[in-house]
file query.cif (mmCIF, C-alpha atoms and all ligand atoms)
data_my_file
#
loop_
_atom_site.group_PDB
_atom_site.id
_atom_site.type_symbol
_atom_site.label_atom_id
_atom_site.label_comp_id
_atom_site.auth_asym_id
_atom_site.auth_seq_id
_atom_site.Cartn_x
_atom_site.Cartn_y
_atom_site.Cartn_z
ATOM 1 C CA MET A 1 108.827 91.301 111.814
ATOM 2 C CA PRO A 2 107.919 89.907 108.418
ATOM 3 C CA GLU A 3 105.301 92.150 106.842
ATOM 4 C CA LEU A 4 103.148 92.049 103.732
ATOM 5 C CA PRO A 5 105.972 91.755 101.152
ATOM 6 C CA GLU A 6 107.802 89.026 103.066
ATOM 7 C CA LEU A 7 104.610 86.988 103.563
ATOM 8 C CA GLU A 8 103.610 87.547 99.945
ATOM 9 C CA ILE A 9 106.989 86.161 98.863
ATOM 10 C CA LEU A 10 106.596 83.083 101.068
ATOM 11 C CA LYS A 11 103.048 82.576 99.806
ATOM 12 C CA ASP A 12 104.260 82.603 96.189
ATOM 13 C CA GLU A 13 107.157 80.281 96.995
ATOM 14 C CA LEU A 14 104.903 77.846 98.842
ATOM 15 C CA LYS A 15 102.483 77.844 95.916
ATOM 16 C CA ARG A 16 105.354 77.154 93.545
ATOM 17 C CA HIS A 17 106.950 74.402 95.595
ATOM 18 C CA VAL A 18 104.422 72.618 97.810
ATOM 19 C CA LEU A 19 101.052 73.011 96.100
ATOM 20 C CA GLY A 20 99.554 69.583 95.455
ATOM 21 C CA ARG A 21 101.941 67.873 97.870
ATOM 22 C CA ARG A 22 100.629 65.331 100.319
ATOM 23 C CA VAL A 23 101.643 65.659 103.968
ATOM 24 C CA ARG A 24 102.935 62.238 104.965
ATOM 25 C CA GLU A 25 103.650 63.151 108.558
ATOM 26 C CA LEU A 26 103.394 66.079 110.938
ATOM 27 C CA ILE A 27 106.199 66.265 113.462
ATOM 28 C CA VAL A 28 105.967 68.470 116.534
ATOM 29 C CA PRO A 29 108.786 68.017 119.047
ATOM 30 C CA GLN A 30 107.201 67.066 122.348
ATOM 31 C CA ASP A 31 109.067 69.746 124.288
ATOM 32 C CA LYS A 32 107.767 72.442 121.907
ATOM 33 C CA ALA A 33 104.128 71.357 121.798
ATOM 34 C CA GLY A 34 102.941 73.307 124.843
ATOM 35 C CA ASP A 35 99.140 73.270 124.965
ATOM 36 C CA CYS A 36 98.782 72.565 121.247
ATOM 37 C CA PRO A 37 96.295 69.808 120.341
ATOM 38 C CA VAL A 38 98.890 67.869 118.362
ATOM 39 C CA PRO A 39 96.756 64.703 117.881
ATOM 40 C CA HIS A 40 94.016 66.876 116.345
ATOM 41 C CA TRP A 41 96.591 68.611 114.146
ATOM 42 C CA LYS A 42 97.841 65.228 112.965
ATOM 43 C CA ASP A 43 94.288 64.114 112.101
ATOM 44 C CA ALA A 44 93.729 67.302 110.119
ATOM 45 C CA LEU A 45 97.039 67.440 108.274
ATOM 46 C CA GLU A 46 98.455 63.958 107.826
ATOM 47 C CA ASN A 47 97.686 62.330 104.461
ATOM 48 C CA ALA A 48 96.041 65.563 103.315
ATOM 49 C CA ARG A 49 97.066 67.331 100.133
ATOM 50 C CA ILE A 50 97.870 71.046 99.995
ATOM 51 C CA THR A 51 95.298 72.676 97.736
ATOM 52 C CA ASP A 52 96.072 76.388 98.084
ATOM 53 C CA VAL A 53 98.122 78.931 99.988
ATOM 54 C CA GLU A 54 96.824 82.375 100.832
ATOM 55 C CA ARG A 55 98.108 85.435 102.627
ATOM 56 C CA ARG A 56 95.827 87.249 105.033
ATOM 57 C CA GLY A 57 97.533 90.389 106.291
ATOM 58 C CA LYS A 58 100.727 89.124 107.906
ATOM 59 C CA MET A 59 99.499 85.513 108.121
ATOM 60 C CA LEU A 60 99.891 82.574 105.801
ATOM 61 C CA VAL A 61 97.001 80.157 105.360
ATOM 62 C CA VAL A 62 97.758 76.730 103.935
ATOM 63 C CA HIS A 63 94.607 74.939 102.789
ATOM 64 C CA LEU A 64 94.384 71.137 102.669
ATOM 65 C CA ASP A 65 91.927 68.757 101.071
ATOM 66 C CA SER A 66 91.011 67.413 104.496
ATOM 67 C CA GLY A 67 88.839 70.509 104.916
ATOM 68 C CA PHE A 68 91.297 72.013 107.368
ATOM 69 C CA SER A 69 93.728 74.884 107.026
ATOM 70 C CA LEU A 70 96.998 75.655 108.748
ATOM 71 C CA VAL A 71 97.246 79.303 109.799
ATOM 72 C CA ILE A 72 100.800 80.514 110.368
ATOM 73 C CA HIS A 73 101.950 83.770 111.939
ATOM 74 C CA LEU A 74 105.721 84.119 111.860
ATOM 75 C CA MET A 75 105.706 86.831 114.568
ATOM 76 C CA MET A 76 109.165 88.448 114.891
ATOM 77 C CA VAL A 77 111.701 85.880 113.776
ATOM 78 C CA GLY A 78 109.815 82.854 112.447
ATOM 79 C CA GLN A 79 111.266 81.017 109.463
ATOM 80 C CA LEU A 80 109.872 78.553 106.948
ATOM 81 C CA LEU A 81 112.470 76.432 105.169
ATOM 82 C CA LEU A 82 112.049 73.728 102.541
ATOM 83 C CA SER A 83 114.694 71.022 102.785
ATOM 84 C CA SER A 84 114.970 70.489 99.019
ATOM 85 C CA LEU A 85 115.916 74.154 98.578
ATOM 86 C CA TYR A 86 117.836 74.851 101.779
ATOM 87 C CA ASP A 87 121.247 73.294 102.458
ATOM 88 C CA GLY A 88 121.648 74.120 106.142
ATOM 89 C CA THR A 89 120.110 72.865 109.360
ATOM 90 C CA PRO A 90 116.994 74.843 110.355
ATOM 91 C CA SER A 91 117.282 76.270 113.859
ATOM 92 C CA ASP A 92 114.764 75.836 116.649
ATOM 93 C CA VAL A 93 112.318 73.756 114.617
ATOM 94 C CA ARG A 94 108.802 73.759 116.089
ATOM 95 C CA LEU A 95 106.840 71.959 113.395
ATOM 96 C CA THR A 96 107.683 69.878 110.336
ATOM 97 C CA LEU A 97 105.481 68.871 107.437
ATOM 98 C CA VAL A 98 107.058 65.787 105.886
ATOM 99 C CA PHE A 99 106.368 65.251 102.179
ATOM 100 C CA ASP A 100 107.477 62.305 100.034
ATOM 101 C CA SER A 101 110.787 63.774 98.967
ATOM 102 C CA ASP A 102 111.455 66.693 101.291
ATOM 103 C CA GLN A 103 110.053 68.572 104.255
ATOM 104 C CA LEU A 104 108.900 72.021 105.274
ATOM 105 C CA THR A 105 110.042 73.229 108.681
ATOM 106 C CA LEU A 106 108.672 76.059 110.770
ATOM 107 C CA GLY A 107 111.188 77.417 113.233
ATOM 108 C CA GLN A 108 111.702 80.164 115.789
ATOM 109 C CA VAL A 109 108.061 80.843 116.481
ATOM 110 C CA HIS A 110 105.967 79.675 119.426
ATOM 111 C CA LEU A 111 103.279 77.233 118.363
ATOM 112 C CA LYS A 112 100.627 79.256 120.163
ATOM 113 C CA PHE A 113 100.701 81.451 117.064
ATOM 114 C CA ILE A 114 99.803 78.509 114.839
ATOM 115 C CA ARG A 115 96.263 77.292 114.293
ATOM 116 C CA VAL A 116 94.652 74.393 112.522
ATOM 117 C CA VAL A 117 91.029 75.197 111.797
ATOM 118 C CA PRO A 118 88.244 74.046 109.476
ATOM 119 C CA THR A 119 88.736 75.975 106.242
ATOM 120 C CA HIS A 120 85.188 77.345 106.282
ATOM 121 C CA LYS A 121 85.860 78.908 109.672
ATOM 122 C CA ILE A 122 88.984 80.875 108.701
ATOM 123 C CA ASP A 123 87.039 84.102 108.367
ATOM 124 C CA GLU A 124 85.684 83.698 111.878
ATOM 125 C CA LEU A 125 89.117 83.730 113.517
ATOM 126 C CA PRO A 126 89.461 86.972 115.509
ATOM 127 C CA GLU A 127 92.844 87.729 113.933
ATOM 128 C CA VAL A 128 91.341 87.330 110.456
ATOM 129 C CA SER A 129 87.834 88.772 110.845
ATOM 130 C CA LYS A 130 89.174 92.111 112.062
ATOM 131 C CA LEU A 131 91.616 92.631 109.189
ATOM 132 C CA GLY A 132 91.148 95.762 107.114
ATOM 133 C CA HIS A 133 91.827 96.301 103.429
ATOM 134 C CA ASP A 134 94.831 94.652 101.850
ATOM 135 C CA PRO A 135 96.949 97.297 100.080
ATOM 136 C CA LEU A 136 97.676 94.872 97.247
ATOM 137 C CA GLU A 137 94.044 93.940 96.677
ATOM 138 C CA GLU A 138 92.263 95.109 93.567
ATOM 139 C CA GLY A 139 90.225 98.170 94.358
ATOM 140 C CA PHE A 140 92.619 99.610 96.921
ATOM 141 C CA ASP A 141 92.850 103.144 95.547
ATOM 142 C CA ALA A 142 93.159 106.657 96.939
ATOM 143 C CA GLY A 143 89.384 106.914 97.299
ATOM 144 C CA LEU A 144 89.236 103.800 99.432
ATOM 145 C CA LEU A 145 92.179 105.017 101.515
ATOM 146 C CA ALA A 146 90.353 108.333 102.018
ATOM 147 C CA ASP A 147 87.311 106.428 103.282
ATOM 148 C CA VAL A 148 89.420 104.475 105.771
ATOM 149 C CA LEU A 149 91.249 107.603 106.949
ATOM 150 C CA ALA A 150 88.054 109.593 107.496
ATOM 151 C CA GLY A 151 87.439 110.363 111.134
ATOM 152 C CA ARG A 152 90.641 108.693 112.374
ATOM 153 C CA ARG A 153 92.061 111.007 114.987
ATOM 154 C CA GLY A 154 95.254 109.065 115.694
ATOM 155 C CA LYS A 155 98.690 109.660 114.226
ATOM 156 C CA ILE A 156 99.269 108.470 110.673
ATOM 157 C CA LYS A 157 102.070 106.132 111.798
ATOM 158 C CA SER A 158 99.712 104.378 114.211
ATOM 159 C CA PHE A 159 97.024 104.295 111.525
ATOM 160 C CA LEU A 160 99.326 102.478 109.111
ATOM 161 C CA LEU A 161 100.196 99.882 111.762
ATOM 162 C CA ASP A 162 96.589 99.190 112.762
ATOM 163 C CA GLN A 163 95.635 95.928 111.018
ATOM 164 C CA ARG A 164 91.937 96.818 111.338
ATOM 165 C CA PHE A 165 92.425 99.644 108.840
ATOM 166 C CA LEU A 166 95.043 98.274 106.461
ATOM 167 C CA ALA A 167 96.291 94.705 106.718
ATOM 168 C CA GLY A 168 99.930 93.786 106.278
ATOM 169 C CA ILE A 169 101.923 96.941 107.007
ATOM 170 C CA GLY A 170 104.243 96.840 110.014
ATOM 171 C CA ASN A 171 106.835 99.046 111.652
ATOM 172 C CA THR A 172 109.455 98.822 108.907
ATOM 173 C CA TYR A 173 107.335 99.523 105.858
ATOM 174 C CA ALA A 174 105.305 102.210 107.663
ATOM 175 C CA ASP A 175 108.409 104.364 108.194
ATOM 176 C CA GLU A 176 109.615 103.864 104.622
ATOM 177 C CA ILE A 177 106.120 104.636 103.278
ATOM 178 C CA LEU A 178 105.897 107.884 105.254
ATOM 179 C CA PHE A 179 109.339 108.973 104.082
ATOM 180 C CA ALA A 180 108.368 108.219 100.471
ATOM 181 C CA ALA A 181 105.207 110.290 100.992
ATOM 182 C CA ARG A 182 107.230 113.107 102.642
ATOM 183 C CA MET A 183 104.753 112.937 105.521
ATOM 184 C CA THR A 184 105.708 113.301 109.170
ATOM 185 C CA PRO A 185 104.622 110.277 111.242
ATOM 186 C CA THR A 186 102.759 112.430 113.774
ATOM 187 C CA ARG A 187 100.260 113.838 111.293
ATOM 188 C CA ILE A 188 96.681 113.229 112.398
ATOM 189 C CA ALA A 189 95.239 110.676 109.983
ATOM 190 C CA SER A 190 91.992 112.540 109.341
ATOM 191 C CA SER A 191 93.838 115.806 108.588
ATOM 192 C CA LEU A 192 95.281 114.670 105.257
ATOM 193 C CA THR A 193 94.300 116.655 102.169
ATOM 194 C CA ASP A 194 93.192 114.893 98.988
ATOM 195 C CA PRO A 195 96.592 115.373 97.285
ATOM 196 C CA GLU A 196 98.308 114.032 100.421
ATOM 197 C CA ILE A 197 96.049 110.978 100.448
ATOM 198 C CA LYS A 198 96.859 110.373 96.786
ATOM 199 C CA GLY A 199 100.578 110.669 97.553
ATOM 200 C CA LEU A 200 100.280 108.367 100.557
ATOM 201 C CA HIS A 201 98.398 105.787 98.508
ATOM 202 C CA GLU A 202 101.109 105.827 95.844
ATOM 203 C CA SER A 203 103.799 105.549 98.503
ATOM 204 C CA ILE A 204 102.084 102.570 100.134
ATOM 205 C CA VAL A 205 101.769 100.648 96.866
ATOM 206 C CA GLN A 206 105.221 101.595 95.568
ATOM 207 C CA THR A 207 107.044 100.885 98.838
ATOM 208 C CA LEU A 208 105.414 97.479 99.278
ATOM 209 C CA ASN A 209 106.190 96.598 95.660
ATOM 210 C CA ARG A 210 109.767 97.787 96.126
ATOM 211 C CA GLY A 211 110.025 95.420 99.090
ATOM 212 C CA LEU A 212 108.697 92.595 96.925
ATOM 213 C CA GLU A 213 111.137 93.344 94.096
ATOM 214 C CA LEU A 214 114.067 93.340 96.518
ATOM 215 C CA GLY A 215 113.062 89.972 97.971
ATOM 216 C CA GLY A 216 111.733 91.419 101.232
ATOM 217 C CA SER A 217 113.464 92.818 104.289
ATOM 218 C CA SER A 218 115.857 90.580 106.213
ATOM 219 C CA GLU A 219 116.831 93.163 108.812
ATOM 220 C CA MET A 220 115.677 90.556 111.320
ATOM 221 C CA ALA A 221 115.297 86.849 110.611
ATOM 222 C CA PHE A 222 113.242 86.707 107.419
ATOM 223 C CA VAL A 223 114.551 84.333 104.774
ATOM 224 C CA HIS A 224 113.052 82.733 101.691
ATOM 225 C CA LEU A 225 112.209 79.011 101.636
ATOM 226 C CA ASP A 226 115.766 78.377 100.424
ATOM 227 C CA GLY A 227 117.304 80.304 103.326
ATOM 228 C CA VAL A 228 118.347 83.270 101.185
ATOM 229 C CA LYS A 229 117.847 86.746 102.625
ATOM 230 C CA GLY A 230 116.033 89.650 101.027
ATOM 231 C CA ALA A 231 117.754 92.963 100.269
ATOM 232 C CA PHE A 232 115.201 95.657 101.116
ATOM 233 C CA GLN A 233 117.044 96.454 104.373
ATOM 234 C CA GLU A 234 120.055 97.542 102.327
ATOM 235 C CA GLN A 235 117.919 100.256 100.777
ATOM 236 C CA PHE A 236 116.173 101.639 103.854
ATOM 237 C CA ARG A 237 115.995 105.388 103.620
ATOM 238 C CA VAL A 238 115.078 106.099 107.235
ATOM 239 C CA LYS A 239 114.493 102.819 109.098
ATOM 240 C CA SER A 240 117.300 102.100 111.589
ATOM 241 C CA ARG A 241 119.327 105.092 110.285
ATOM 242 C CA THR A 242 119.260 107.281 113.424
ATOM 243 C CA GLY A 243 121.800 110.103 113.115
ATOM 244 C CA LEU A 244 122.785 109.208 109.555
ATOM 245 C CA PRO A 245 122.252 111.858 106.870
ATOM 246 C CA CYS A 246 118.962 111.835 104.973
ATOM 247 C CA PHE A 247 119.615 110.717 101.396
ATOM 248 C CA VAL A 248 117.563 113.652 100.117
ATOM 249 C CA CYS A 249 118.583 116.624 102.277
ATOM 250 C CA GLY A 250 121.481 115.500 104.488
ATOM 251 C CA THR A 251 119.664 116.221 107.758
ATOM 252 C CA PRO A 252 120.340 113.496 110.372
ATOM 253 C CA VAL A 253 117.511 110.954 110.533
ATOM 254 C CA GLU A 254 115.676 111.066 113.854
ATOM 255 C CA ARG A 255 114.112 108.344 115.952
ATOM 256 C CA VAL A 256 111.094 108.888 118.184
ATOM 257 C CA SER A 257 108.607 106.567 119.837
ATOM 258 C CA ILE A 258 105.032 106.646 118.537
ATOM 259 C CA GLY A 259 102.515 104.362 120.158
ATOM 260 C CA GLY A 260 105.455 102.541 121.739
ATOM 261 C CA ARG A 261 107.033 101.805 118.348
ATOM 262 C CA GLY A 262 110.431 103.090 117.260
ATOM 263 C CA THR A 263 109.819 105.500 114.399
ATOM 264 C CA TYR A 264 112.453 106.878 112.019
ATOM 265 C CA PHE A 265 111.974 110.001 109.914
ATOM 266 C CA CYS A 266 113.608 113.094 108.416
ATOM 267 C CA ALA A 267 112.317 116.197 110.166
ATOM 268 C CA LYS A 268 113.147 118.362 107.168
ATOM 269 C CA CYS A 269 111.741 116.239 104.316
ATOM 270 C CA GLN A 270 108.632 114.986 106.116
ATOM 271 C CA LYS A 271 105.904 117.511 106.931
HETATM 272 ZN ZN ZN A 301 115.574 114.806 104.464
#

call {"tool": "encode", "arguments": {"input": "query.cif", "output": "structure tokens"}}
result
Amino acid sequence: MPELPELEILKDELKRHVLGRRVRELIVPQDKAGDCPVPHWKDALENARITDVERRGKMLVVHLDSGFSLVIHLMMVGQLLLSSLYDGTPSDVRLTLVFDSDQLTLGQVHLKFIRVVPTHKIDELPEVSKLGHDPLEEGFDAGLLADVLAGRRGKIKSFLLDQRFLAGIGNTYADEILFAARMTPTRIASSLTDPEIKGLHESIVQTLNRGLELGGSSEMAFVHLDGVKGAFQEQFRVKSRTGLPCFVCGTPVERVSIGGRGTYFCAKCQK
């Protein structure tokens, strides 16, 4: 699933390429519309100009001068493609924003994960109002992480995935973060010492930035607006490496299930 780095990349690309554009038409294929209020969406989006694009956790929010915003969650395999950058034919298109000279398509995600809401009500959406701290926000430091960890009796892996605590980290980055921190995923969140919290904080920031620098993870379907894949998956140190030797110590990487999520780690390096 696209996580913070992948959504951050798409946010930046959308800001670079579609900011200020006017939506001439919204196209939703009738057989994909489901229960979506498409006429309302058309009223809110058509002839409106894109004024800003934000990321909230793992969601993209596209603001328009109509006073409405389009909230997009790509779920597991959603893709956004811009026709002026992408040569191919987008697959399973669910929604298209037609601009004067090109168009933005959203594919491979059910439209029930898309919302069009008045911009001033974004913060009231349940999926937004419950979001915790963004690890890339100014002020996210080890002290703040310590505050969020305090009293949390669950496993650190589950803590990292819980969007109410930290927003944007998912199953891929959580495993890579814990390997970078040399911390076993079953550690109880509230048991971390101050030096461990400092190390975890550094690992969170560095791993997410590493994902950004490598263009995101395309282990699944994530692509940039031009259809190009990221390369972070080529540098996974534990994720999806069951049985392969740890790059640090040579011990085979293990996979366990934590909170129902596949979790990869090195039993020797991570304590
Ligand atoms: Zn190891």

call {"tool": "resolve_selection", "arguments": {"input": "query.cif", "expression": "the PyMOL selection byres (((chain A and resi 156-171) around 7) and not hetatm)", "output": "MDAnalysis selection string"}}
result
chainID A and resid 3:4 57:58 130:135 148 154:155 172:175 185:189 259

call {"tool": "resolve_selection", "arguments": {"input": "query.cif", "expression": "the PyMOL selection byres (((chain A and resi 247) around 12) and not hetatm)", "output": "MDAnalysis selection string"}}
result
chainID A and resid 179:180 235:238 241 243:246 248:253 265:266 268:269

call {"tool": "residues_around", "arguments": {"input": "query.cif", "residues": "A:Leu45", "least_positions_apart": "5", "cutoff": "8 Å", "atoms": "only C-alpha atoms", "output": "PDB file with C-alpha atoms, keeping the file's coordinate frame"}}
result
ATOM      1  CA  VAL A  23     101.643  65.659 103.968  1.00  0.00           C
ATOM      2  CA  GLU A  25     103.650  63.151 108.558  1.00  0.00           C
ATOM      3  CA  LEU A  26     103.394  66.079 110.938  1.00  0.00           C
ATOM      4  CA  LEU A  64      94.384  71.137 102.669  1.00  0.00           C
ATOM      5  CA  SER A  66      91.011  67.413 104.496  1.00  0.00           C
ATOM      6  CA  PHE A  68      91.297  72.013 107.368  1.00  0.00           C
TER       7      PHE A  68
END

call {"tool": "residues_around", "arguments": {"input": "query.cif", "residues": "stretch 6-9 of chain A", "least_positions_apart": "2", "cutoff": "8 Å", "atoms": "only C-alpha atoms", "output": "JSON, numbers by chain"}}
result
{"A": [2, 3, 4, 11, 12, 13, 55, 58, 59, 60, 211, 212, 215, 216, 217, 222, 224]}

call {"tool": "resolve_selection", "arguments": {"input": "query.cif", "expression": "the PyMOL selection byres (((chain A and resi 198-203) around 10) and not hetatm)", "output": "tab-separated table (two decimals) with C-alpha atoms, in the coordinates of the input"}}
result
chain	number	residue	atom	x	y	z
A	135	PRO	CA	96.95	97.30	100.08
A	140	PHE	CA	92.62	99.61	96.92
A	141	ASP	CA	92.85	103.14	95.55
A	142	ALA	CA	93.16	106.66	96.94
A	143	GLY	CA	89.38	106.91	97.30
A	144	LEU	CA	89.24	103.80	99.43
A	145	LEU	CA	92.18	105.02	101.52
A	146	ALA	CA	90.35	108.33	102.02
A	174	ALA	CA	105.30	102.21	107.66
A	176	GLU	CA	109.62	103.86	104.62
A	177	ILE	CA	106.12	104.64	103.28
A	178	LEU	CA	105.90	107.88	105.25
A	179	PHE	CA	109.34	108.97	104.08
A	180	ALA	CA	108.37	108.22	100.47
A	181	ALA	CA	105.21	110.29	100.99
A	182	ARG	CA	107.23	113.11	102.64
A	183	MET	CA	104.75	112.94	105.52
A	192	LEU	CA	95.28	114.67	105.26
A	193	THR	CA	94.30	116.66	102.17
A	194	ASP	CA	93.19	114.89	98.99
A	195	PRO	CA	96.59	115.37	97.28
A	196	GLU	CA	98.31	114.03	100.42
A	197	ILE	CA	96.05	110.98	100.45
A	204	ILE	CA	102.08	102.57	100.13
A	205	VAL	CA	101.77	100.65	96.87
A	206	GLN	CA	105.22	101.60	95.57
A	207	THR	CA	107.04	100.88	98.84
A	208	LEU	CA	105.41	97.48	99.28
A	209	ASN	CA	106.19	96.60	95.66

call {"tool": "residues_around", "arguments": {"input": "query.cif", "residues": "A:Val116", "least_positions_apart": "5", "cutoff": "7 Å", "atoms": "all atoms listed in the file", "output": "ChimeraX atom specification"}}
result
/A:41,68-71

call {"tool": "closest_residue", "arguments": {"input": "query.cif", "among": "A:Glu54, A:Leu214, A:Gln270, A:Ala33", "to": "A:Phe232", "atoms": "only C-alpha atoms"}}
result
A:Leu214

call {"tool": "closest_residue", "arguments": {"input": "query.cif", "among": "A:Ser240, A:Gln30, A:Gln79, A:Thr184", "to": "ligand ZN 301 (chain A)", "atoms": "only C-alpha atoms and all ligand atoms"}}
result
A:Thr184

call {"tool": "closest_residue", "arguments": {"input": "query.cif", "among": "A:Glu46, A:Leu82, A:Val28, A:Leu125", "to": "A:Arg94", "atoms": "only C-alpha atoms"}}
result
A:Val28

call {"tool": "decode", "arguments": {"input": "query.cif", "residues": "stretch 52-77 of chain A", "atoms": "N, CA and C atoms", "output": "compact mmCIF listing (two decimals), in the first residue's frame"}}
result
# COMPACT_ATOMS: atom_id res chain seq x y z
N ASP A 52 -4.66 23.97 -4.33
CA ASP A 52 -3.62 23.42 -3.46
C ASP A 52 -3.78 21.90 -3.42
N VAL A 53 -2.70 21.25 -3.04
CA VAL A 53 -2.74 19.80 -2.83
C VAL A 53 -2.01 19.52 -1.53
N GLU A 54 -2.65 18.76 -0.68
CA GLU A 54 -2.06 18.43 0.62
C GLU A 54 -1.98 16.92 0.78
N ARG A 55 -1.14 16.50 1.70
CA ARG A 55 -1.16 15.09 2.13
C ARG A 55 -1.59 15.07 3.59
N ARG A 56 -2.53 14.20 3.89
CA ARG A 56 -2.91 13.96 5.28
C ARG A 56 -2.71 12.47 5.53
N GLY A 57 -1.69 12.13 6.29
CA GLY A 57 -1.39 10.71 6.49
C GLY A 57 -1.18 10.04 5.16
N LYS A 58 -1.98 9.04 4.86
CA LYS A 58 -1.86 8.33 3.58
C LYS A 58 -2.92 8.79 2.57
N MET A 59 -3.47 9.99 2.80
CA MET A 59 -4.49 10.51 1.87
C MET A 59 -3.98 11.76 1.16
N LEU A 60 -4.49 11.95 -0.04
CA LEU A 60 -4.22 13.18 -0.77
C LEU A 60 -5.49 14.03 -0.73
N VAL A 61 -5.31 15.33 -0.54
CA VAL A 61 -6.45 16.24 -0.55
C VAL A 61 -6.19 17.31 -1.61
N VAL A 62 -7.06 17.33 -2.61
CA VAL A 62 -6.94 18.31 -3.69
C VAL A 62 -7.99 19.39 -3.46
N HIS A 63 -7.52 20.61 -3.20
CA HIS A 63 -8.44 21.72 -2.93
C HIS A 63 -8.78 22.46 -4.22
N LEU A 64 -10.05 22.90 -4.32
CA LEU A 64 -10.49 23.63 -5.50
C LEU A 64 -11.13 24.95 -5.10
N ASP A 65 -11.15 25.88 -6.04
CA ASP A 65 -11.68 27.21 -5.69
C ASP A 65 -13.21 27.24 -5.64
N SER A 66 -13.83 26.10 -5.81
CA SER A 66 -15.28 26.01 -5.62
C SER A 66 -15.63 25.91 -4.14
N GLY A 67 -14.59 25.78 -3.29
CA GLY A 67 -14.86 25.60 -1.86
C GLY A 67 -14.96 24.13 -1.48
N PHE A 68 -14.72 23.26 -2.47
CA PHE A 68 -14.76 21.83 -2.20
C PHE A 68 -13.36 21.23 -2.36
N SER A 69 -13.17 20.07 -1.76
CA SER A 69 -11.91 19.37 -1.86
C SER A 69 -12.18 17.91 -2.20
N LEU A 70 -11.26 17.36 -2.98
CA LEU A 70 -11.33 15.95 -3.37
C LEU A 70 -10.34 15.20 -2.49
N VAL A 71 -10.86 14.23 -1.73
CA VAL A 71 -10.02 13.46 -0.81
C VAL A 71 -9.82 12.07 -1.41
N ILE A 72 -8.56 11.72 -1.63
CA ILE A 72 -8.24 10.47 -2.33
C ILE A 72 -7.44 9.55 -1.43
N HIS A 73 -7.92 8.32 -1.27
CA HIS A 73 -7.12 7.27 -0.62
C HIS A 73 -6.85 6.21 -1.67
N LEU A 74 -5.58 5.93 -1.91
CA LEU A 74 -5.24 4.99 -2.98
C LEU A 74 -5.36 3.53 -2.54
N MET A 75 -5.63 3.29 -1.26
CA MET A 75 -5.75 1.94 -0.72
C MET A 75 -4.54 1.09 -1.13
N MET A 76 -4.75 -0.13 -1.64
CA MET A 76 -3.61 -1.01 -1.91
C MET A 76 -2.93 -0.71 -3.24
N VAL A 77 -3.70 -0.60 -4.29
CA VAL A 77 -3.09 -0.57 -5.62
C VAL A 77 -3.56 0.60 -6.49
